[in-house]
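As stored in final.pdb (PDB, C-alpha atoms and all ligand atoms):
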```pdb
ATOM      1  CA  MET U   1     161.398-105.935  48.547
ATOM      2  CA  GLU U   2     162.515-104.424  51.873
ATOM      3  CA  LEU U   3     160.690-101.477  53.434
ATOM      4  CA  TRP U   4     162.567 -99.183  55.855
ATOM      5  CA  TYR U   5     161.389 -96.262  58.051
ATOM      6  CA  THR U   6     163.975 -93.485  58.341
ATOM      7  CA  GLU U   7     163.842 -90.699  60.920
ATOM      8  CA  LYS U   8     165.957 -87.683  59.980
ATOM      9  CA  GLN U   9     167.106 -86.633  63.472
ATOM     10  CA  THR U  10     168.899 -83.616  61.995
ATOM     11  CA  GLU U  11     169.113 -82.401  58.406
ATOM     12  CA  ASN U  12     172.252 -84.539  58.050
ATOM     13  CA  PHE U  13     171.832 -87.573  60.301
ATOM     14  CA  GLY U  14     169.185 -90.156  61.130
ATOM     15  CA  ILE U  15     168.224 -93.696  62.009
ATOM     16  CA  THR U  16     166.475 -96.318  59.928
ATOM     17  CA  ALA U  17     164.417 -99.399  60.888
ATOM     18  CA  LYS U  18     163.266-102.313  58.761
ATOM     19  CA  ILE U  19     159.444-102.497  58.698
ATOM     20  CA  LYS U  20     157.409-105.710  58.961
ATOM     21  CA  GLU U  21     153.976-104.070  58.655
ATOM     22  CA  THR U  22     152.334-100.630  58.580
ATOM     23  CA  LEU U  23     149.430-100.784  61.039
ATOM     24  CA  VAL U  24     147.959 -97.296  60.641
ATOM     25  CA  THR U  25     148.810 -93.939  59.082
ATOM     26  CA  GLU U  26     146.599 -90.872  59.520
ATOM     27  CA  LYS U  27     146.909 -87.101  59.293
ATOM     28  CA  THR U  28     145.146 -86.034  62.497
ATOM     29  CA  ASP U  29     144.049 -82.473  63.292
ATOM     30  CA  PHE U  30     147.474 -81.930  64.898
ATOM     31  CA  GLN U  31     150.150 -84.182  63.364
ATOM     32  CA  ASP U  32     150.996 -87.027  61.008
ATOM     33  CA  LEU U  33     150.461 -90.257  62.971
ATOM     34  CA  ALA U  34     151.796 -93.715  62.108
ATOM     35  CA  ILE U  35     152.105 -96.986  63.973
ATOM     36  CA  ILE U  36     154.466 -99.418  62.255
ATOM     37  CA  ASP U  37     155.690-102.864  63.259
ATOM     38  CA  THR U  38     159.508-102.965  62.991
ATOM     39  CA  VAL U  39     161.795-106.015  63.031
ATOM     40  CA  GLU U  40     164.170-104.686  65.707
ATOM     41  CA  PHE U  41     161.964-102.687  68.087
ATOM     42  CA  GLY U  42     158.494-104.093  67.532
ATOM     43  CA  ARG U  43     155.526-101.778  67.165
ATOM     44  CA  MET U  44     156.495 -98.109  67.006
ATOM     45  CA  LEU U  45     154.446 -94.898  67.338
ATOM     46  CA  VAL U  46     155.704 -92.153  64.996
ATOM     47  CA  LEU U  47     154.414 -88.555  65.071
ATOM     48  CA  ASP U  48     155.439 -86.060  62.400
ATOM     49  CA  GLY U  49     158.205 -88.448  61.344
ATOM     50  CA  MET U  50     159.703 -88.756  64.855
ATOM     51  CA  VAL U  51     159.865 -91.927  66.969
ATOM     52  CA  MET U  52     157.673 -91.434  70.047
ATOM     53  CA  THR U  53     157.804 -94.890  71.583
ATOM     54  CA  THR U  54     158.534 -98.517  70.698
ATOM     55  CA  VAL U  55     157.412-101.696  72.422
ATOM     56  CA  LYS U  56     161.029-102.816  72.918
ATOM     57  CA  ASP U  57     162.586 -99.735  74.592
ATOM     58  CA  GLU U  58     159.599 -97.689  75.873
ATOM     59  CA  PHE U  59     160.143 -98.796  79.473
ATOM     60  CA  VAL U  60     163.286 -96.669  79.793
ATOM     61  CA  TYR U  61     161.618 -93.373  79.023
ATOM     62  CA  HIS U  62     158.312 -94.046  80.787
ATOM     63  CA  GLU U  63     159.985 -95.259  83.993
ATOM     64  CA  MET U  64     162.445 -92.358  84.012
ATOM     65  CA  VAL U  65     159.851 -89.635  83.424
ATOM     66  CA  THR U  66     157.775 -91.017  86.293
ATOM     67  CA  HIS U  67     159.635 -92.630  89.196
ATOM     68  CA  PRO U  68     162.340 -90.081  90.138
ATOM     69  CA  ALA U  69     159.642 -87.428  90.821
ATOM     70  CA  LEU U  70     157.086 -89.784  92.407
ATOM     71  CA  PHE U  71     159.713 -91.193  94.773
ATOM     72  CA  THR U  72     161.023 -87.724  95.599
ATOM     73  CA  HIS U  73     157.602 -86.366  96.605
ATOM     74  CA  PRO U  74     156.580 -88.006  99.914
ATOM     75  CA  ASN U  75     152.829 -88.002  99.219
ATOM     76  CA  PRO U  76     151.929 -87.517  95.521
ATOM     77  CA  LYS U  77     148.146 -87.822  95.733
ATOM     78  CA  LYS U  78     147.200 -85.953  92.543
ATOM     79  CA  VAL U  79     149.399 -85.955  89.441
ATOM     80  CA  LEU U  80     149.124 -84.543  85.939
ATOM     81  CA  VAL U  81     150.616 -85.868  82.701
ATOM     82  CA  VAL U  82     150.784 -83.345  79.854
ATOM     83  CA  GLY U  83     150.944 -85.203  76.530
ATOM     84  CA  GLY U  84     151.632 -88.875  77.086
ATOM     85  CA  GLY U  85     148.716 -90.071  74.963
ATOM     86  CA  ASP U  86     150.414 -93.430  74.415
ATOM     87  CA  GLY U  87     149.674 -94.201  78.068
ATOM     88  CA  GLY U  88     153.185 -95.293  79.076
ATOM     89  CA  VAL U  89     153.682 -92.674  81.805
ATOM     90  CA  ILE U  90     150.209 -93.375  83.208
ATOM     91  CA  ARG U  91     151.074 -97.089  83.364
ATOM     92  CA  GLU U  92     154.109 -96.274  85.495
ATOM     93  CA  VAL U  93     152.150 -93.796  87.673
ATOM     94  CA  MET U  94     149.677 -96.582  88.511
ATOM     95  CA  LYS U  95     152.546 -98.458  90.231
ATOM     96  CA  HIS U  96     152.358 -95.795  92.984
ATOM     97  CA  PRO U  97     149.514 -96.622  95.425
ATOM     98  CA  LYS U  98     149.821 -93.159  97.016
ATOM     99  CA  VAL U  99     148.500 -91.610  93.774
ATOM    100  CA  GLU U 100     144.745 -91.202  94.226
ATOM    101  CA  LYS U 101     144.151 -89.465  90.883
ATOM    102  CA  ALA U 102     146.149 -89.123  87.672
ATOM    103  CA  VAL U 103     144.950 -86.687  85.007
ATOM    104  CA  LEU U 104     146.248 -87.071  81.442
ATOM    105  CA  VAL U 105     145.846 -84.144  79.035
ATOM    106  CA  ASP U 106     146.797 -84.864  75.419
ATOM    107  CA  ILE U 107     145.842 -82.513  72.608
ATOM    108  CA  ASP U 108     145.278 -85.356  70.128
ATOM    109  CA  GLY U 109     142.588 -87.934  70.861
ATOM    110  CA  LYS U 110     143.753 -90.036  67.898
ATOM    111  CA  VAL U 111     147.040 -90.804  69.677
ATOM    112  CA  ILE U 112     145.049 -92.162  72.613
ATOM    113  CA  GLU U 113     142.657 -94.099  70.356
ATOM    114  CA  TYR U 114     145.331 -95.775  68.232
ATOM    115  CA  SER U 115     147.663 -96.430  71.194
ATOM    116  CA  LYS U 116     144.853 -98.319  72.943
ATOM    117  CA  LYS U 117     144.214-100.334  69.765
ATOM    118  CA  PHE U 118     147.782-101.127  68.644
ATOM    119  CA  LEU U 119     149.933-100.620  71.779
ATOM    120  CA  PRO U 120     147.901-102.266  74.602
ATOM    121  CA  GLU U 121     151.050-103.146  76.584
ATOM    122  CA  ILE U 122     151.799 -99.400  76.795
ATOM    123  CA  ALA U 123     148.296 -97.888  76.881
ATOM    124  CA  GLY U 124     146.650-100.529  79.068
ATOM    125  CA  GLU U 125     146.171 -98.371  82.198
ATOM    126  CA  LEU U 126     144.422 -95.438  80.478
ATOM    127  CA  ASP U 127     141.096 -96.963  81.562
ATOM    128  CA  ASN U 128     142.179 -97.337  85.201
ATOM    129  CA  PRO U 129     139.504 -95.833  87.529
ATOM    130  CA  ARG U 130     142.192 -93.612  89.119
ATOM    131  CA  VAL U 131     142.875 -92.044  85.705
ATOM    132  CA  GLU U 132     141.029 -89.161  84.045
ATOM    133  CA  VAL U 133     141.850 -88.705  80.332
ATOM    134  CA  LEU U 134     141.231 -85.268  78.810
ATOM    135  CA  VAL U 135     141.709 -84.275  75.170
ATOM    136  CA  ASN U 136     142.910 -80.685  75.419
ATOM    137  CA  ASP U 137     145.869 -78.358  75.008
ATOM    138  CA  GLY U 138     148.153 -78.883  77.989
ATOM    139  CA  TYR U 139     149.077 -75.202  77.943
ATOM    140  CA  MET U 140     145.414 -74.250  78.444
ATOM    141  CA  HIS U 141     144.875 -76.888  81.119
ATOM    142  CA  ILE U 142     147.854 -75.724  83.149
ATOM    143  CA  HIS U 143     146.631 -72.127  83.173
ATOM    144  CA  ASP U 144     143.111 -73.196  84.198
ATOM    145  CA  HIS U 145     144.220 -75.220  87.231
ATOM    146  CA  LYS U 146     145.988 -73.408  90.067
ATOM    147  CA  ASN U 147     147.531 -74.998  93.183
ATOM    148  CA  GLU U 148     146.086 -78.384  92.246
ATOM    149  CA  TYR U 149     148.801 -80.958  91.549
ATOM    150  CA  ASP U 150     151.519 -82.596  93.639
ATOM    151  CA  VAL U 151     153.510 -83.757  90.593
ATOM    152  CA  ILE U 152     153.304 -82.708  86.925
ATOM    153  CA  MET U 153     155.075 -84.727  84.212
ATOM    154  CA  VAL U 154     155.414 -83.220  80.759
ATOM    155  CA  ASP U 155     155.585 -86.055  78.236
ATOM    156  CA  SER U 156     155.288 -83.978  75.094
ATOM    157  CA  THR U 157     156.574 -84.294  71.578
ATOM    158  CA  GLU U 158     159.656 -82.276  70.632
ATOM    159  CA  PRO U 159     159.192 -78.482  70.445
ATOM    160  CA  VAL U 160     157.394 -78.562  67.103
ATOM    161  CA  GLY U 161     153.763 -77.970  66.145
ATOM    162  CA  PRO U 162     151.385 -78.013  69.141
ATOM    163  CA  ALA U 163     154.241 -78.765  71.550
ATOM    164  CA  VAL U 164     156.258 -75.595  70.901
ATOM    165  CA  GLU U 165     154.495 -73.747  73.742
ATOM    166  CA  LEU U 166     155.258 -76.610  76.147
ATOM    167  CA  PHE U 167     158.909 -75.546  76.178
ATOM    168  CA  SER U 168     158.201 -71.858  76.905
ATOM    169  CA  ARG U 169     158.947 -69.901  80.063
ATOM    170  CA  GLY U 170     155.257 -69.025  80.305
ATOM    171  CA  PHE U 171     154.398 -72.711  80.417
ATOM    172  CA  TYR U 172     156.884 -73.388  83.214
ATOM    173  CA  GLN U 173     155.463 -70.421  85.153
ATOM    174  CA  GLY U 174     152.020 -71.888  84.649
ATOM    175  CA  ILE U 175     153.252 -75.250  85.908
ATOM    176  CA  TYR U 176     154.664 -73.577  89.025
ATOM    177  CA  GLU U 177     151.239 -72.067  89.729
ATOM    178  CA  ALA U 178     149.372 -75.310  88.986
ATOM    179  CA  LEU U 179     151.534 -77.160  91.509
ATOM    180  CA  LYS U 180     150.792 -77.200  95.247
ATOM    181  CA  ASP U 181     153.255 -75.487  97.621
ATOM    182  CA  ASP U 182     155.516 -78.563  97.745
ATOM    183  CA  GLY U 183     154.997 -79.666  94.152
ATOM    184  CA  ILE U 184     157.469 -81.157  91.681
ATOM    185  CA  PHE U 185     157.489 -81.079  87.881
ATOM    186  CA  VAL U 186     159.578 -82.972  85.379
ATOM    187  CA  ALA U 187     159.790 -82.553  81.629
ATOM    188  CA  GLN U 188     161.527 -84.499  78.923
ATOM    189  CA  THR U 189     164.187 -82.098  77.642
ATOM    190  CA  ASP U 190     165.613 -83.850  74.582
ATOM    191  CA  ASN U 191     169.244 -84.700  73.840
ATOM    192  CA  PRO U 192     172.531 -82.808  74.380
ATOM    193  CA  TRP U 193     174.083 -83.826  71.047
ATOM    194  CA  PHE U 194     171.566 -82.156  68.700
ATOM    195  CA  LYS U 195     169.497 -79.968  71.082
ATOM    196  CA  ALA U 196     172.090 -78.427  73.433
ATOM    197  CA  ASP U 197     170.564 -74.953  73.047
ATOM    198  CA  LEU U 198     167.139 -76.260  74.082
ATOM    199  CA  ILE U 199     168.518 -77.874  77.234
ATOM    200  CA  ARG U 200     170.443 -74.702  78.068
ATOM    201  CA  GLN U 201     167.353 -72.475  77.564
ATOM    202  CA  VAL U 202     164.937 -74.712  79.471
ATOM    203  CA  ASN U 203     167.387 -74.982  82.353
ATOM    204  CA  LYS U 204     167.773 -71.180  82.460
ATOM    205  CA  ASP U 205     163.993 -70.642  82.426
ATOM    206  CA  VAL U 206     163.257 -73.293  85.063
ATOM    207  CA  ARG U 207     166.039 -71.999  87.355
ATOM    208  CA  GLU U 208     164.392 -68.575  87.282
ATOM    209  CA  ILE U 209     161.130 -70.114  88.535
ATOM    210  CA  PHE U 210     161.951 -73.113  90.779
ATOM    211  CA  PRO U 211     164.303 -73.111  93.811
ATOM    212  CA  ILE U 212     165.519 -76.654  93.151
ATOM    213  CA  VAL U 213     166.384 -77.737  89.581
ATOM    214  CA  ARG U 214     167.998 -81.027  88.734
ATOM    215  CA  VAL U 215     168.726 -82.670  85.355
ATOM    216  CA  TYR U 216     169.090 -86.390  84.873
ATOM    217  CA  GLY U 217     169.641 -88.715  81.953
ATOM    218  CA  ALA U 218     168.796 -92.110  80.500
ATOM    219  CA  ASN U 219     169.795 -94.216  77.509
ATOM    220  CA  ILE U 220     167.039 -94.542  74.911
ATOM    221  CA  PRO U 221     168.319 -96.257  71.751
ATOM    222  CA  THR U 222     165.543 -95.102  69.420
ATOM    223  CA  TYR U 223     165.704 -91.431  70.461
ATOM    224  CA  PRO U 224     168.069 -88.972  68.764
ATOM    225  CA  SER U 225     171.653 -89.645  69.941
ATOM    226  CA  GLY U 226     170.457 -92.249  72.473
ATOM    227  CA  LEU U 227     171.251 -89.941  75.408
ATOM    228  CA  TRP U 228     168.034 -88.355  76.729
ATOM    229  CA  THR U 229     167.606 -85.727  79.439
ATOM    230  CA  PHE U 230     164.881 -84.866  81.897
ATOM    231  CA  THR U 231     164.624 -81.584  83.817
ATOM    232  CA  MET U 232     163.048 -81.563  87.259
ATOM    233  CA  GLY U 233     161.871 -78.395  89.021
ATOM    234  CA  SER U 234     160.903 -78.708  92.687
ATOM    235  CA  LYS U 235     159.486 -76.267  95.214
ATOM    236  CA  THR U 236     160.802 -78.017  98.337
ATOM    237  CA  TYR U 237     161.983 -81.613  97.872
ATOM    238  CA  ASP U 238     165.442 -82.383  96.418
ATOM    239  CA  PRO U 239     165.718 -85.740  94.571
ATOM    240  CA  LEU U 240     169.347 -85.976  95.684
ATOM    241  CA  GLU U 241     168.287 -85.953  99.334
ATOM    242  CA  VAL U 242     165.992 -88.971  99.030
ATOM    243  CA  ASP U 243     167.177 -91.864 101.193
ATOM    244  CA  GLU U 244     167.736 -94.731  98.749
ATOM    245  CA  ALA U 245     166.705 -97.205 101.478
ATOM    246  CA  SER U 246     163.274 -95.539 101.614
ATOM    247  CA  ILE U 247     162.574 -96.253  97.930
ATOM    248  CA  PRO U 248     160.591 -99.505  97.535
ATOM    249  CA  GLU U 249     161.497-102.004  94.838
ATOM    250  CA  ILE U 250     158.657-101.894  92.302
ATOM    251  CA  GLU U 251     158.252-103.731  88.993
ATOM    252  CA  THR U 252     160.652-101.886  86.685
ATOM    253  CA  LYS U 253     163.302-102.748  84.086
ATOM    254  CA  TYR U 254     165.421 -99.585  84.080
ATOM    255  CA  TYR U 255     164.726 -97.414  87.155
ATOM    256  CA  SER U 256     165.860 -98.726  90.555
ATOM    257  CA  PRO U 257     166.496 -97.268  94.024
ATOM    258  CA  ARG U 258     170.228 -97.467  93.199
ATOM    259  CA  LEU U 259     169.747 -95.624  89.925
ATOM    260  CA  HIS U 260     167.593 -92.867  91.488
ATOM    261  CA  LYS U 261     170.547 -90.634  92.401
ATOM    262  CA  ALA U 262     173.028 -92.096  89.879
ATOM    263  CA  ALA U 263     170.834 -90.861  86.982
ATOM    264  CA  PHE U 264     171.613 -87.273  88.066
ATOM    265  CA  CYS U 265     175.330 -87.899  87.443
ATOM    266  CA  LEU U 266     175.741 -86.380  83.992
ATOM    267  CA  PRO U 267     178.643 -86.357  81.516
ATOM    268  CA  LYS U 268     180.683 -83.144  81.916
ATOM    269  CA  PHE U 269     179.532 -81.683  78.542
ATOM    270  CA  VAL U 270     175.916 -82.077  79.680
ATOM    271  CA  GLU U 271     176.586 -80.635  83.140
ATOM    272  CA  ASP U 272     178.082 -77.599  81.403
ATOM    273  CA  LEU U 273     174.735 -76.962  79.642
ATOM    274  CA  CYS U 274     172.982 -76.770  83.003
ATOM    275  CA  LYS U 275     175.067 -74.151  84.809
TER     276      LYS U 275
HETATM  277  N1  LIG L   1     157.986 -89.821  74.703
HETATM  278  C1  LIG L   1     157.782 -88.963  73.561
HETATM  279  C2  LIG L   1     158.914 -87.974  73.423
HETATM  280  O1  LIG L   1     159.700 -87.837  74.366
HETATM  281  O2  LIG L   1     158.976 -87.343  72.346
HETATM  282  C3  LIG L   1     156.442 -88.279  73.691
HETATM  283  C4  LIG L   1     155.297 -89.235  73.474
HETATM  284  S1  LIG L   1     153.710 -88.651  73.664
HETATM  285  C5  LIG L   1     152.924 -89.602  72.458
HETATM  286  C6  LIG L   1     153.745 -87.010  73.019
HETATM  287  C7  LIG L   1     152.351 -86.420  73.034
HETATM  288  O3  LIG L   1     152.378 -84.999  73.212
HETATM  289  C8  LIG L   1     151.558 -86.624  71.719
HETATM  290  O4  LIG L   1     150.541 -87.569  71.949
HETATM  291  C9  LIG L   1     151.013 -85.243  71.363
HETATM  292  O5  LIG L   1     149.684 -85.286  70.873
HETATM  293  C10 LIG L   1     151.125 -84.533  72.706
HETATM  294  N2  LIG L   1     151.132 -83.071  72.646
HETATM  295  C11 LIG L   1     151.840 -82.253  71.809
HETATM  296  N3  LIG L   1     151.540 -80.960  72.054
HETATM  297  C12 LIG L   1     150.623 -80.952  73.083
HETATM  298  C13 LIG L   1     149.923 -79.928  73.800
HETATM  299  N4  LIG L   1     150.108 -78.618  73.518
HETATM  300  N5  LIG L   1     149.075 -80.298  74.789
HETATM  301  C14 LIG L   1     148.885 -81.619  75.090
HETATM  302  N6  LIG L   1     149.501 -82.640  74.443
HETATM  303  C15 LIG L   1     150.366 -82.292  73.449
END
```
Would you write the structure of this file as structure tokens?
Amino acid sequence: MELWYTEKQTENFGITAKIKETLVTEKTDFQDLAIIDTVEFGRMLVLDGMVMTTVKDEFVYHEMVTHPALFTHPNPKKVLVVGGGDGGVIREVMKHPKVEKAVLVDIDGKVIEYSKKFLPEIAGELDNPRVEVLVNDGYMHIHDHKNEYDVIMVDSTEPVGPAVELFSRGFYQGIYEALKDDGIFVAQTDNPWFKADLIRQVNKDVREIFPIVRVYGANIPTYPSGLWTFTMGSKTYDPLEVDEASIPEIETKYYSPRLHKAAFCLPKFVEDLCK
């Protein structure tokens, strides 16, 4: 008998993956959590029926949430990750020696616990001495910390359940105030095929708050539509003005100094959402 995991990405479309083994399923205080081992993409974290990360393609998302902002800011000493309990963004942040402290705030401690147990290649840096892990609502944390962070990365689930407020204008205003005077924030902002309205709304909200707003993309095969976007809001530094020659080659598999600016070249139908 074959067992398949299907994610309904819309009411009428989805993806399906053949399962080798179910490692854990649990209804946490915040969401339905599962970690399954799939034939094609290896171990996979699923929250509320949505693919969060897989061992095979996680590097794309985690590198692209992290490196464009950390190579745009000249001296990112203190950074914050909202969400990100699987540890992948933190692993990429640790590749930046300029970062003296990285704070991770995820609302669900079970994501952290099970990612450490079943996804060590992704969660392995959560115990790094430069990292502080907090189990809390990122919305609350942002509003309790003013003028504190150089870079904030929002690695949240889609705007459902506890993450709904992480796509609100009030949250982006709170991020602006939690950033230092030359701070940068980046958030994952879903896909233009099924969530065009979300991208349009987030872009409108962030443009009302930040002087510099840039959107970039990446190809993530296990995410809805495969075309993923990230929205960056910056108080002073423009990612498109970074000198490619100044970006060091670090251990990556998707991001590169050559890709830094190229990622901001979007298909016309996506550009049109961000005007
Ligand atoms: N890369 C994935 C994506 O783009 O959908 C996100 C992965 S990460 C596991 C998402 C995390 O956001 C989850 O661990 C979830 O617990 C966390 N999260 C959701 N709402 C949150 C909130 N209000 N505050 C902090 N973390 C939150």
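The smallest atom-to-atom distance between Val111 (chain U) and any of U:Arg91, U:His143, U:Arg169, U:Lys27, using only C-alpha atoms, is found for U:Lys27.
Closest approach to ligand LIG 1 (chain L) among U:Lys146, U:Lys110, U:Lys98, U:Lys78: U:Lys110, based on all atoms listed in the file.
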Which residues form the shell of 6 Å around ligand LIG 1 (chain L) when you count all atoms listed in the file, given as a PyMOL selection string?
-> chain U and resi 52-53+82-86+105-108+111+137-139+155-158+162-163+188
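Once the PyMOL selection byres (((chain U and resi 14) around 12) and not hetatm) is applied to the shown structure, the selection contains Tyr5, Thr6, Glu7, Lys8, Gln9, Thr10, Glu11, Asn12, Phe13, Ile15, Thr16, Ala17, Gly49, Met50, Val51, Phe194, Thr222, Tyr223, Pro224, Ser225 and Gly226 of chain U.
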Counting all atoms listed in the file, the option among U:Ile250, U:Met232, U:Ile212, U:Val164 closest to Lys95 (chain U) = U:Ile250
How big is the axis-aligned box around the listed atoms of region 141-153 of chain U once 3 Å is added on each side, and where is its centre? Give both in Å to one decimal, as AutoDock Vina command-line options.
```
--center_x 149.1 --center_y -78.4 --center_z 87.4 --size_x 18.0 --size_y 18.6 --size_z 18.5
```
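You will find CA of Val202 (chain U) at 28.9 Å from CA of Val55 (chain U).
Of note, CA of Gly87 (chain U) and CA of His67 (chain U) are spaced 15.0 Å apart.
Between CA of Leu273 (chain U) and CA of Leu70 (chain U) the interatomic distance comes to 25.3 Å.
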Return the single residue from U:Phe185, U:Trp193, U:Phe171, U:Tyr61 that is closest to Asp238 (chain U), with distances computed using all atoms listed in the file.
-> U:Phe185
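Candidate residues U:Glu208, U:Asp272, U:Glu63, U:Glu165 were compared for distance to Tyr255 (chain U), and the nearest is U:Glu63, using only C-alpha atoms.
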Go through U:Asp181, U:Glu148, U:Asp190, U:Glu58 and flag the residue nearest Phe167 (chain U), using all atoms listed in the file for the distances.
-> U:Asp190
Distance query Lys275 (chain U) at most 10 Å, only C-alpha atoms, self and fewer than 2 positions along chain excluded, as a PyMOL selection string = chain U and resi 200+203-204+207+270-273
Incomplete region 260-267 of chain U filled out to all heavy atoms as a PDB file, in the frame of the given file:
```pdb
ATOM      1  N   HIS U 260     168.306 -94.128  91.233  1.00  0.00           N
ATOM      2  CA  HIS U 260     167.593 -92.867  91.488  1.00  0.00           C
ATOM      3  C   HIS U 260     168.568 -91.688  91.504  1.00  0.00           C
ATOM      4  O   HIS U 260     168.400 -90.732  90.761  1.00  0.00           O
ATOM      5  CB  HIS U 260     166.849 -92.953  92.819  1.00  0.00           C
ATOM      6  CG  HIS U 260     166.107 -91.699  93.184  1.00  0.00           C
ATOM      7  ND1 HIS U 260     164.791 -91.485  92.854  1.00  0.00           N
ATOM      8  CD2 HIS U 260     166.536 -90.571  93.819  1.00  0.00           C
ATOM      9  CE1 HIS U 260     164.432 -90.281  93.288  1.00  0.00           C
ATOM     10  NE2 HIS U 260     165.454 -89.707  93.873  1.00  0.00           N
ATOM     11  N   LYS U 261     169.596 -91.764  92.342  1.00  0.00           N
ATOM     12  CA  LYS U 261     170.547 -90.634  92.401  1.00  0.00           C
ATOM     13  C   LYS U 261     171.577 -90.716  91.280  1.00  0.00           C
ATOM     14  O   LYS U 261     171.973 -89.707  90.702  1.00  0.00           O
ATOM     15  CB  LYS U 261     171.250 -90.620  93.761  1.00  0.00           C
ATOM     16  CG  LYS U 261     170.325 -90.191  94.900  1.00  0.00           C
ATOM     17  CD  LYS U 261     171.057 -90.179  96.237  1.00  0.00           C
ATOM     18  CE  LYS U 261     170.084 -89.848  97.374  1.00  0.00           C
ATOM     19  NZ  LYS U 261     170.729 -90.041  98.709  1.00  0.00           N
ATOM     20  N   ALA U 262     171.973 -91.936  90.911  1.00  0.00           N
ATOM     21  CA  ALA U 262     173.028 -92.096  89.879  1.00  0.00           C
ATOM     22  C   ALA U 262     172.606 -91.434  88.561  1.00  0.00           C
ATOM     23  O   ALA U 262     173.440 -90.889  87.833  1.00  0.00           O
ATOM     24  CB  ALA U 262     173.297 -93.589  89.652  1.00  0.00           C
ATOM     25  N   ALA U 263     171.305 -91.429  88.279  1.00  0.00           N
ATOM     26  CA  ALA U 263     170.834 -90.861  86.982  1.00  0.00           C
ATOM     27  C   ALA U 263     171.166 -89.373  86.887  1.00  0.00           C
ATOM     28  O   ALA U 263     171.271 -88.814  85.800  1.00  0.00           O
ATOM     29  CB  ALA U 263     169.330 -91.085  86.842  1.00  0.00           C
ATOM     30  N   PHE U 264     171.330 -88.722  88.068  1.00  0.00           N
ATOM     31  CA  PHE U 264     171.613 -87.273  88.066  1.00  0.00           C
ATOM     32  C   PHE U 264     173.102 -86.998  87.854  1.00  0.00           C
ATOM     33  O   PHE U 264     173.512 -85.840  87.758  1.00  0.00           O
ATOM     34  CB  PHE U 264     171.131 -86.646  89.379  1.00  0.00           C
ATOM     35  CG  PHE U 264     169.631 -86.604  89.511  1.00  0.00           C
ATOM     36  CD1 PHE U 264     168.937 -87.686  90.041  1.00  0.00           C
ATOM     37  CD2 PHE U 264     168.905 -85.500  89.070  1.00  0.00           C
ATOM     38  CE1 PHE U 264     167.548 -87.663  90.167  1.00  0.00           C
ATOM     39  CE2 PHE U 264     167.522 -85.475  89.188  1.00  0.00           C
ATOM     40  CZ  PHE U 264     166.844 -86.554  89.731  1.00  0.00           C
ATOM     41  N   CYS U 265     173.903 -88.082  87.754  1.00  0.00           N
ATOM     42  CA  CYS U 265     175.330 -87.899  87.443  1.00  0.00           C
ATOM     43  C   CYS U 265     175.458 -87.799  85.928  1.00  0.00           C
ATOM     44  O   CYS U 265     175.255 -88.786  85.213  1.00  0.00           O
ATOM     45  CB  CYS U 265     176.107 -89.138  87.919  1.00  0.00           C
ATOM     46  SG  CYS U 265     177.107 -88.807  89.333  1.00  0.00           S
ATOM     47  N   LEU U 266     175.750 -86.622  85.435  1.00  0.00           N
ATOM     48  CA  LEU U 266     175.741 -86.380  83.992  1.00  0.00           C
ATOM     49  C   LEU U 266     177.156 -86.268  83.441  1.00  0.00           C
ATOM     50  O   LEU U 266     178.067 -85.835  84.156  1.00  0.00           O
ATOM     51  CB  LEU U 266     174.984 -85.083  83.699  1.00  0.00           C
ATOM     52  CG  LEU U 266     173.496 -85.083  84.043  1.00  0.00           C
ATOM     53  CD1 LEU U 266     172.951 -83.652  84.003  1.00  0.00           C
ATOM     54  CD2 LEU U 266     172.732 -85.980  83.077  1.00  0.00           C
ATOM     55  N   PRO U 267     177.338 -86.606  82.147  1.00  0.00           N
ATOM     56  CA  PRO U 267     178.643 -86.357  81.516  1.00  0.00           C
ATOM     57  C   PRO U 267     178.973 -84.862  81.618  1.00  0.00           C
ATOM     58  O   PRO U 267     178.066 -84.015  81.614  1.00  0.00           O
ATOM     59  CB  PRO U 267     178.408 -86.760  80.060  1.00  0.00           C
ATOM     60  CG  PRO U 267     177.205 -87.639  80.058  1.00  0.00           C
ATOM     61  CD  PRO U 267     176.366 -87.178  81.212  1.00  0.00           C
TER      62      PRO U 267
END
```
